[in-house]
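Trainee: structure.txt is reproduced below (compact mmCIF, C-alpha atoms).
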```
# COMPACT_ATOMS: atom_id res chain seq x y z
CA MET A 1213 128.98 91.34 88.88
CA LYS A 1214 125.45 92.24 89.97
CA VAL A 1215 123.84 95.50 88.90
CA SER A 1216 122.18 97.81 91.42
CA LEU A 1217 118.93 99.45 90.33
CA VAL A 1218 118.30 102.47 92.54
CA GLY A 1219 114.81 103.96 92.36
CA LEU A 1220 114.66 107.49 93.73
CA GLY A 1221 111.79 108.88 95.76
CA ASN A 1222 110.80 110.19 99.15
CA PRO A 1223 109.77 107.87 101.99
CA GLY A 1224 106.30 108.10 103.46
CA PRO A 1225 102.72 107.57 102.27
CA GLU A 1226 102.18 111.26 101.55
CA TYR A 1227 104.67 111.01 98.64
CA LEU A 1228 103.47 107.67 97.26
CA PHE A 1229 101.98 108.81 93.93
CA THR A 1230 103.88 112.06 93.45
CA ARG A 1231 105.98 112.85 90.41
CA HIS A 1232 109.19 112.75 92.47
CA ASN A 1233 108.47 109.12 93.39
CA VAL A 1234 108.38 107.62 89.93
CA GLY A 1235 111.77 106.03 90.69
CA PHE A 1236 110.24 104.25 93.69
CA MET A 1237 107.32 103.19 91.48
CA PHE A 1238 109.77 101.67 89.02
CA ALA A 1239 111.72 99.87 91.77
CA ASP A 1240 108.44 98.39 93.04
CA PHE A 1241 107.42 97.45 89.47
CA VAL A 1242 110.69 95.56 88.88
CA SER A 1243 110.53 93.80 92.25
CA ARG A 1244 106.94 92.66 91.54
CA LYS A 1245 107.88 91.40 88.06
CA TYR A 1246 110.54 89.18 89.57
CA GLY A 1247 108.61 88.28 92.73
CA LEU A 1248 111.27 89.79 94.99
CA GLU A 1249 110.83 90.47 98.70
CA TRP A 1250 111.88 93.77 100.25
CA LYS A 1251 114.16 93.88 103.30
CA VAL A 1252 114.21 97.17 105.17
CA TYR A 1253 117.45 98.52 106.60
CA PRO A 1254 117.97 101.85 108.38
CA SER A 1255 118.78 103.80 105.21
CA VAL A 1256 117.50 101.63 102.33
CA ALA A 1257 114.94 99.06 101.30
CA LEU A 1258 116.59 96.28 99.32
CA ALA A 1259 115.35 93.42 97.16
CA GLU A 1260 117.79 90.86 95.75
CA HIS A 1261 117.80 88.83 92.55
CA LYS A 1262 120.66 86.60 91.39
CA GLN A 1263 121.57 89.19 88.70
CA PHE A 1264 120.78 92.48 90.45
CA TYR A 1265 119.69 94.39 93.53
CA VAL A 1266 116.78 96.79 93.66
CA ILE A 1267 117.32 99.60 96.15
CA LYS A 1268 115.12 102.40 97.46
CA PRO A 1269 116.96 105.00 99.55
CA LEU A 1270 114.86 105.67 102.65
CA LEU A 1271 116.28 109.10 103.41
CA TYR A 1272 114.73 112.08 101.65
CA MET A 1273 115.59 112.60 97.98
CA ASN A 1274 118.44 115.06 98.56
CA ASN A 1275 120.23 112.49 100.78
CA SER A 1276 120.02 109.54 98.38
CA GLY A 1277 123.80 109.22 98.11
CA LYS A 1278 124.21 109.21 101.87
CA ALA A 1279 121.59 106.45 102.08
CA LEU A 1280 123.43 104.33 99.50
CA LEU A 1281 126.72 104.62 101.34
CA SER A 1282 125.00 102.87 104.28
CA ALA A 1283 123.49 100.12 102.11
CA PRO A 1284 124.35 96.51 103.06
CA VAL A 1285 125.72 95.88 99.54
CA PRO A 1286 128.82 97.45 97.92
CA VAL A 1287 127.09 99.92 95.57
CA VAL A 1288 130.35 101.87 95.28
CA LYS A 1289 131.92 98.95 93.38
CA MET A 1290 129.07 97.61 91.24
CA PRO A 1291 127.34 98.85 88.09
CA ILE A 1292 124.53 101.19 89.11
CA VAL A 1293 121.36 102.32 87.34
CA VAL A 1294 119.44 105.22 88.88
CA ALA A 1295 115.74 105.63 87.98
CA TYR A 1296 114.31 109.09 88.63
CA ASP A 1297 111.90 111.82 87.52
CA ASP A 1298 112.97 114.39 84.93
CA ALA A 1299 110.97 117.59 84.41
CA ASP A 1300 112.99 118.36 81.27
CA LEU A 1301 111.38 115.41 79.48
CA PRO A 1302 107.75 115.43 78.35
CA PHE A 1303 105.41 113.32 80.45
CA GLY A 1304 105.65 109.64 79.51
CA ALA A 1305 109.08 109.78 77.88
CA VAL A 1306 111.75 107.41 79.20
CA LYS A 1307 115.40 107.97 78.31
CA PHE A 1308 118.55 106.00 79.06
CA LYS A 1309 122.00 107.49 79.56
CA LYS A 1310 125.07 105.39 80.18
CA GLU A 1311 127.15 107.90 82.14
CA ILE A 1312 127.17 111.35 83.72
CA ARG A 1313 129.18 114.07 82.00
CA SER A 1314 128.65 116.97 84.42
CA SER A 1315 127.17 117.60 87.84
CA PRO A 1316 123.46 116.67 87.64
CA SER A 1317 120.74 119.24 88.31
CA HIS A 1318 118.45 116.60 89.87
CA LYS A 1319 119.27 116.83 93.57
CA GLY A 1320 118.84 113.13 94.37
CA LEU A 1321 121.04 112.06 91.47
CA ARG A 1322 123.57 114.79 92.30
CA ASP A 1323 123.86 113.48 95.86
CA ILE A 1324 124.56 109.97 94.54
CA TYR A 1325 127.06 111.32 92.01
CA LEU A 1326 128.93 113.23 94.73
CA ALA A 1327 128.73 110.48 97.38
CA LEU A 1328 129.92 107.69 95.07
CA ASN A 1329 132.32 109.93 93.12
CA ARG A 1330 131.53 108.12 89.86
CA ARG A 1331 130.71 109.22 86.32
CA ASP A 1332 129.71 105.72 85.17
CA ILE A 1333 126.25 105.90 86.75
CA MET A 1334 123.64 104.71 84.27
CA ARG A 1335 120.32 106.54 84.33
CA LEU A 1336 116.71 105.79 83.45
CA ARG A 1337 114.99 109.18 83.28
CA PHE A 1338 111.19 109.31 83.51
CA GLY A 1339 109.58 112.36 81.94
CA ILE A 1340 107.18 114.20 84.22
CA GLY A 1341 106.92 117.35 82.09
CA ARG A 1342 107.34 120.98 83.07
CA PRO A 1343 105.13 122.58 85.70
CA PRO A 1344 102.23 124.78 84.60
CA GLU A 1345 102.81 128.52 84.50
CA GLY A 1346 103.23 129.94 88.00
CA VAL A 1347 103.86 126.58 89.71
CA PRO A 1348 107.37 126.27 91.21
CA LEU A 1349 109.28 123.15 90.20
CA SER A 1350 109.62 122.16 93.88
CA ASP A 1351 105.80 122.10 94.21
CA TRP A 1352 105.36 120.35 90.85
CA VAL A 1353 107.60 117.37 91.66
CA LEU A 1354 105.81 116.84 94.98
CA SER A 1355 102.35 117.01 93.42
CA PRO A 1356 100.40 113.82 92.67
CA PHE A 1357 99.90 112.52 89.16
CA ASN A 1358 96.47 113.31 87.72
CA GLU A 1359 94.09 110.53 86.61
CA GLU A 1360 95.10 110.72 82.94
CA GLU A 1361 98.80 110.47 83.87
CA LEU A 1362 98.17 107.57 86.27
CA GLN A 1363 96.64 105.63 83.37
CA LYS A 1364 99.79 106.15 81.28
CA ILE A 1365 102.30 105.22 83.98
CA PRO A 1366 102.06 101.41 83.47
CA ASP A 1367 103.19 101.81 79.85
CA MET A 1368 106.08 104.03 80.92
CA LEU A 1369 107.14 101.53 83.59
CA SER A 1370 106.83 98.60 81.16
CA ARG A 1371 109.09 100.27 78.59
CA ALA A 1372 111.65 101.07 81.28
CA TYR A 1373 111.44 97.47 82.53
CA GLU A 1374 112.33 96.18 79.04
CA ALA A 1375 115.25 98.62 78.98
CA PHE A 1376 116.40 97.41 82.40
CA ARG A 1377 116.32 93.81 81.20
CA LEU A 1378 118.70 94.83 78.39
CA ILE A 1379 120.91 96.71 80.86
CA ILE A 1380 121.42 93.63 83.05
CA GLN A 1381 122.30 91.69 79.88
CA ARG A 1382 124.72 94.52 78.92
CA LYS A 1383 122.91 94.97 75.58
CA TYR A 1384 123.01 98.77 75.71
CA GLU A 1385 122.82 99.22 71.95
CA LEU A 1386 119.27 97.80 71.91
CA ILE A 1387 117.81 100.03 74.63
CA GLY A 1388 116.77 102.85 72.31
CA ARG A 1389 114.42 100.48 70.45
CA VAL A 1390 112.34 99.63 73.52
CA LEU A 1391 112.16 103.22 74.79
CA SER A 1392 111.07 104.92 71.57
```
If you took the structure in this file and wrote it as structure tokens, what would it be?
Mentor:
Amino acid sequence: MKVSLVGLGNPGPEYLFTRHNVGFMFADFVSRKYGLEWKVYPSVALAEHKQFYVIKPLLYMNNSGKALLSAPVPVVKMPIVVAYDDADLPFGAVKFKKEIRSSPSHKGLRDIYLALNRRDIMRLRFGIGRPPEGVPLSDWVLSPFNEEELQKIPDMLSRAYEAFRLIIQRKYELIGRVLS
């Protein structure tokens, strides 16, 4: 069965290089690596490979689950990997989790978790670090990466790409090696 890689972000050019859109960046990175073409539907953009789908929900982050329910592929039934930003991880870290144990704090992931009613959602978490003193988290995630961070993003995406390749081969035990 095909795997669905869901990269989280917000639609629109104003969000393109913001911290909240690192999931979209990863989805684009994977589609470029495989030379995949995007097809745009009302609620999602979708690229297809023989082993997996790459999906970008086109509703705002907090409605990611609603967007997936309208996708033209049966995401409810297939293995799913969600790629998203995580302010609890230091910038540049990438972590893999195989399932969800409790209701997620990340609003996009939580909406998917609730909409699909599944605990077996795999996750690729991209560290964006904590906001500076006095900056609300909601402002931080919507702020653009600085120049130094932008230079480090290709390495972060490359490590996650290697992890994703292991995920589609179901070689979960090897993922920690490529992410460390």
Trainee: List the neighbours of segment 1228-1233 of chain A out to 6 Å using all atoms listed in the file; skip same-chain residues closer than 4 positions along the sequence, and give me the result as a PyMOL selection string.
Mentor: chain A and resi 1221+1297+1353-1357
Trainee: Got a sec: who's within 9 Å of Val1234 of chain A, counting all atoms listed in the file, leaving out chain neighbours fewer than 6 positions off, as a PyMOL selection string?
Mentor: chain A and resi 1219-1221+1228+1295-1297+1338+1340+1365+1369
Trainee: Could the residues in this selection be saved with C-alpha atoms as a PDB file, in the frame of the given file?
Mentor:
```pdb
ATOM      1  CA  GLY A1219     114.810 103.960  92.360  1.00  0.00           C
ATOM      2  CA  LEU A1220     114.660 107.490  93.730  1.00  0.00           C
ATOM      3  CA  GLY A1221     111.790 108.880  95.760  1.00  0.00           C
ATOM      4  CA  LEU A1228     103.470 107.670  97.260  1.00  0.00           C
ATOM      5  CA  ALA A1295     115.740 105.630  87.980  1.00  0.00           C
ATOM      6  CA  TYR A1296     114.310 109.090  88.630  1.00  0.00           C
ATOM      7  CA  ASP A1297     111.900 111.820  87.520  1.00  0.00           C
ATOM      8  CA  PHE A1338     111.190 109.310  83.510  1.00  0.00           C
ATOM      9  CA  ILE A1340     107.180 114.200  84.220  1.00  0.00           C
ATOM     10  CA  ILE A1365     102.300 105.220  83.980  1.00  0.00           C
ATOM     11  CA  LEU A1369     107.140 101.530  83.590  1.00  0.00           C
TER      12      LEU A1369
END
```
Trainee: Find the distance between atom CA of Asp1298 of chain A and atom CA of Glu1226 of chain A and write it in Å to one decimal.
Mentor: 20.1 Å
Trainee: Between A:Arg1342, A:Ser1350, A:Asp1367, A:Ser1255, which residue has the minimum interatomic distance to Lys1278 of chain A, considering only C-alpha atoms?
Mentor: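 Answer, going by the shortest atom-to-atom distance: A:Ser1255.
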Trainee: Taking all atoms of segment 1295-1298 of chain A that the file lists, what box with edges along x, y and z, padded by 6 Å per side, do you get, with centre and edge lengths in Å to one decimal, as lines of an AutoDock Vina configuration file?
Mentor:
```
center_x = 113.8
center_y = 110.0
center_z = 86.8
size_x = 15.8
size_y = 20.8
size_z = 15.7
```
Trainee: Could you check which of A:Pro1223, A:Pro1254, A:Glu1249, A:Ala1299 is closest to Pro1343 of chain A, using only C-alpha atoms?
Mentor: A:Ala1299
Trainee: With distances taken over only C-alpha atoms, which residue among A:Phe1303, A:Ile1387, A:Trp1250, A:Leu1321 lies nearest Gly1341 of chain A?
Mentor: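 Among the listed residues, the smallest separation from Gly1341 of chain A belongs to A:Phe1303.
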Trainee: Measuring atom to atom with all atoms listed in the file, identify which of A:Tyr1325, A:Tyr1272, A:Phe1241, A:Tyr1265 is nearest to Tyr1227 of chain A.
Mentor: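 Closest residue, counting all atoms listed in the file: A:Tyr1272.
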Trainee: Mind completing segment 1261-1294 of chain A with N, CA and C atoms? Output as a PDB file, keeping the file's coordinate frame, please?
Mentor:
```
ATOM      1  N   HIS A1261     117.959  89.819  93.599  1.00  0.00           N
ATOM      2  CA  HIS A1261     117.800  88.830  92.550  1.00  0.00           C
ATOM      3  C   HIS A1261     119.207  88.288  92.277  1.00  0.00           C
ATOM      4  N   LYS A1262     119.320  87.151  91.633  1.00  0.00           N
ATOM      5  CA  LYS A1262     120.660  86.600  91.390  1.00  0.00           C
ATOM      6  C   LYS A1262     121.496  87.491  90.458  1.00  0.00           C
ATOM      7  N   GLN A1263     120.839  88.328  89.620  1.00  0.00           N
ATOM      8  CA  GLN A1263     121.570  89.190  88.700  1.00  0.00           C
ATOM      9  C   GLN A1263     121.657  90.654  89.149  1.00  0.00           C
ATOM     10  N   PHE A1264     120.818  91.060  90.094  1.00  0.00           N
ATOM     11  CA  PHE A1264     120.780  92.480  90.450  1.00  0.00           C
ATOM     12  C   PHE A1264     120.166  92.687  91.832  1.00  0.00           C
ATOM     13  N   TYR A1265     120.367  93.901  92.327  1.00  0.00           N
ATOM     14  CA  TYR A1265     119.690  94.390  93.530  1.00  0.00           C
ATOM     15  C   TYR A1265     118.752  95.506  93.107  1.00  0.00           C
ATOM     16  N   VAL A1266     117.656  95.644  93.821  1.00  0.00           N
ATOM     17  CA  VAL A1266     116.780  96.790  93.660  1.00  0.00           C
ATOM     18  C   VAL A1266     116.835  97.529  95.001  1.00  0.00           C
ATOM     19  N   ILE A1267     117.117  98.823  94.930  1.00  0.00           N
ATOM     20  CA  ILE A1267     117.320  99.600  96.150  1.00  0.00           C
ATOM     21  C   ILE A1267     116.460 100.860  96.126  1.00  0.00           C
ATOM     22  N   LYS A1268     115.826 101.141  97.267  1.00  0.00           N
ATOM     23  CA  LYS A1268     115.120 102.400  97.460  1.00  0.00           C
ATOM     24  C   LYS A1268     115.752 103.107  98.653  1.00  0.00           C
ATOM     25  N   PRO A1269     116.428 104.243  98.421  1.00  0.00           N
ATOM     26  CA  PRO A1269     116.960 105.000  99.550  1.00  0.00           C
ATOM     27  C   PRO A1269     115.813 105.486 100.435  1.00  0.00           C
ATOM     28  N   LEU A1270     115.946 105.314 101.737  1.00  0.00           N
ATOM     29  CA  LEU A1270     114.860 105.670 102.650  1.00  0.00           C
ATOM     30  C   LEU A1270     115.073 107.009 103.352  1.00  0.00           C
ATOM     31  N   LEU A1271     116.116 107.728 102.963  1.00  0.00           N
ATOM     32  CA  LEU A1271     116.280 109.100 103.410  1.00  0.00           C
ATOM     33  C   LEU A1271     115.602 109.977 102.345  1.00  0.00           C
ATOM     34  N   TYR A1272     115.370 111.233 102.643  1.00  0.00           N
ATOM     35  CA  TYR A1272     114.730 112.080 101.650  1.00  0.00           C
ATOM     36  C   TYR A1272     115.607 112.223 100.419  1.00  0.00           C
ATOM     37  N   MET A1273     114.969 112.557  99.303  1.00  0.00           N
ATOM     38  CA  MET A1273     115.590 112.600  97.980  1.00  0.00           C
ATOM     39  C   MET A1273     116.994 113.204  97.988  1.00  0.00           C
ATOM     40  N   ASN A1274     117.162 114.353  98.618  1.00  0.00           N
ATOM     41  CA  ASN A1274     118.440 115.060  98.560  1.00  0.00           C
ATOM     42  C   ASN A1274     119.555 114.348  99.329  1.00  0.00           C
ATOM     43  N   ASN A1275     119.237 113.273 100.040  1.00  0.00           N
ATOM     44  CA  ASN A1275     120.230 112.490 100.780  1.00  0.00           C
ATOM     45  C   ASN A1275     120.346 111.066 100.236  1.00  0.00           C
ATOM     46  N   SER A1276     119.998 110.883  98.982  1.00  0.00           N
ATOM     47  CA  SER A1276     120.020 109.540  98.380  1.00  0.00           C
ATOM     48  C   SER A1276     121.412 108.933  98.376  1.00  0.00           C
ATOM     49  N   GLY A1277     122.429 109.731  98.105  1.00  0.00           N
ATOM     50  CA  GLY A1277     123.800 109.220  98.110  1.00  0.00           C
ATOM     51  C   GLY A1277     124.230 108.780  99.496  1.00  0.00           C
ATOM     52  N   LYS A1278     123.893 109.571 100.483  1.00  0.00           N
ATOM     53  CA  LYS A1278     124.210 109.210 101.870  1.00  0.00           C
ATOM     54  C   LYS A1278     123.551 107.884 102.234  1.00  0.00           C
ATOM     55  N   ALA A1279     122.296 107.702 101.814  1.00  0.00           N
ATOM     56  CA  ALA A1279     121.590 106.450 102.080  1.00  0.00           C
ATOM     57  C   ALA A1279     122.308 105.267 101.435  1.00  0.00           C
ATOM     58  N   LEU A1280     122.759 105.437 100.200  1.00  0.00           N
ATOM     59  CA  LEU A1280     123.430 104.330  99.500  1.00  0.00           C
ATOM     60  C   LEU A1280     124.752 103.953 100.148  1.00  0.00           C
ATOM     61  N   LEU A1281     125.448 104.930 100.688  1.00  0.00           N
ATOM     62  CA  LEU A1281     126.720 104.620 101.340  1.00  0.00           C
ATOM     63  C   LEU A1281     126.517 103.716 102.555  1.00  0.00           C
ATOM     64  N   SER A1282     125.313 103.725 103.119  1.00  0.00           N
ATOM     65  CA  SER A1282     125.000 102.870 104.280  1.00  0.00           C
ATOM     66  C   SER A1282     124.311 101.568 103.873  1.00  0.00           C
ATOM     67  N   ALA A1283     124.166 101.331 102.584  1.00  0.00           N
ATOM     68  CA  ALA A1283     123.490 100.120 102.110  1.00  0.00           C
ATOM     69  C   ALA A1283     124.306  98.873 102.481  1.00  0.00           C
ATOM     70  N   PRO A1284     123.640  97.730 102.684  1.00  0.00           N
ATOM     71  CA  PRO A1284     124.350  96.510 103.060  1.00  0.00           C
ATOM     72  C   PRO A1284     125.015  95.787 101.875  1.00  0.00           C
ATOM     73  N   VAL A1285     125.053  96.435 100.713  1.00  0.00           N
ATOM     74  CA  VAL A1285     125.720  95.880  99.540  1.00  0.00           C
ATOM     75  C   VAL A1285     126.710  96.928  99.015  1.00  0.00           C
ATOM     76  N   PRO A1286     127.769  96.509  98.334  1.00  0.00           N
ATOM     77  CA  PRO A1286     128.820  97.450  97.920  1.00  0.00           C
ATOM     78  C   PRO A1286     128.466  98.249  96.649  1.00  0.00           C
ATOM     79  N   VAL A1287     127.509  99.158  96.742  1.00  0.00           N
ATOM     80  CA  VAL A1287     127.090  99.920  95.570  1.00  0.00           C
ATOM     81  C   VAL A1287     128.222 100.755  94.974  1.00  0.00           C
ATOM     82  N   VAL A1288     129.211 101.074  95.771  1.00  0.00           N
ATOM     83  CA  VAL A1288     130.350 101.870  95.280  1.00  0.00           C
ATOM     84  C   VAL A1288     131.119 101.104  94.208  1.00  0.00           C
ATOM     85  N   LYS A1289     131.102  99.778  94.277  1.00  0.00           N
ATOM     86  CA  LYS A1289     131.920  98.950  93.380  1.00  0.00           C
ATOM     87  C   LYS A1289     131.145  98.348  92.208  1.00  0.00           C
ATOM     88  N   MET A1290     129.827  98.328  92.262  1.00  0.00           N
ATOM     89  CA  MET A1290     129.070  97.610  91.240  1.00  0.00           C
ATOM     90  C   MET A1290     128.432  98.553  90.225  1.00  0.00           C
ATOM     91  N   PRO A1291     128.070  98.021  89.054  1.00  0.00           N
ATOM     92  CA  PRO A1291     127.340  98.850  88.090  1.00  0.00           C
ATOM     93  C   PRO A1291     126.037  99.338  88.730  1.00  0.00           C
ATOM     94  N   ILE A1292     125.696 100.603  88.479  1.00  0.00           N
ATOM     95  CA  ILE A1292     124.530 101.190  89.110  1.00  0.00           C
ATOM     96  C   ILE A1292     123.660 101.891  88.063  1.00  0.00           C
ATOM     97  N   VAL A1293     122.351 101.666  88.182  1.00  0.00           N
ATOM     98  CA  VAL A1293     121.360 102.320  87.340  1.00  0.00           C
ATOM     99  C   VAL A1293     120.441 103.102  88.276  1.00  0.00           C
ATOM    100  N   VAL A1294     120.313 104.395  88.050  1.00  0.00           N
ATOM    101  CA  VAL A1294     119.440 105.220  88.880  1.00  0.00           C
ATOM    102  C   VAL A1294     118.203 105.587  88.061  1.00  0.00           C
TER     103      VAL A1294
END
```
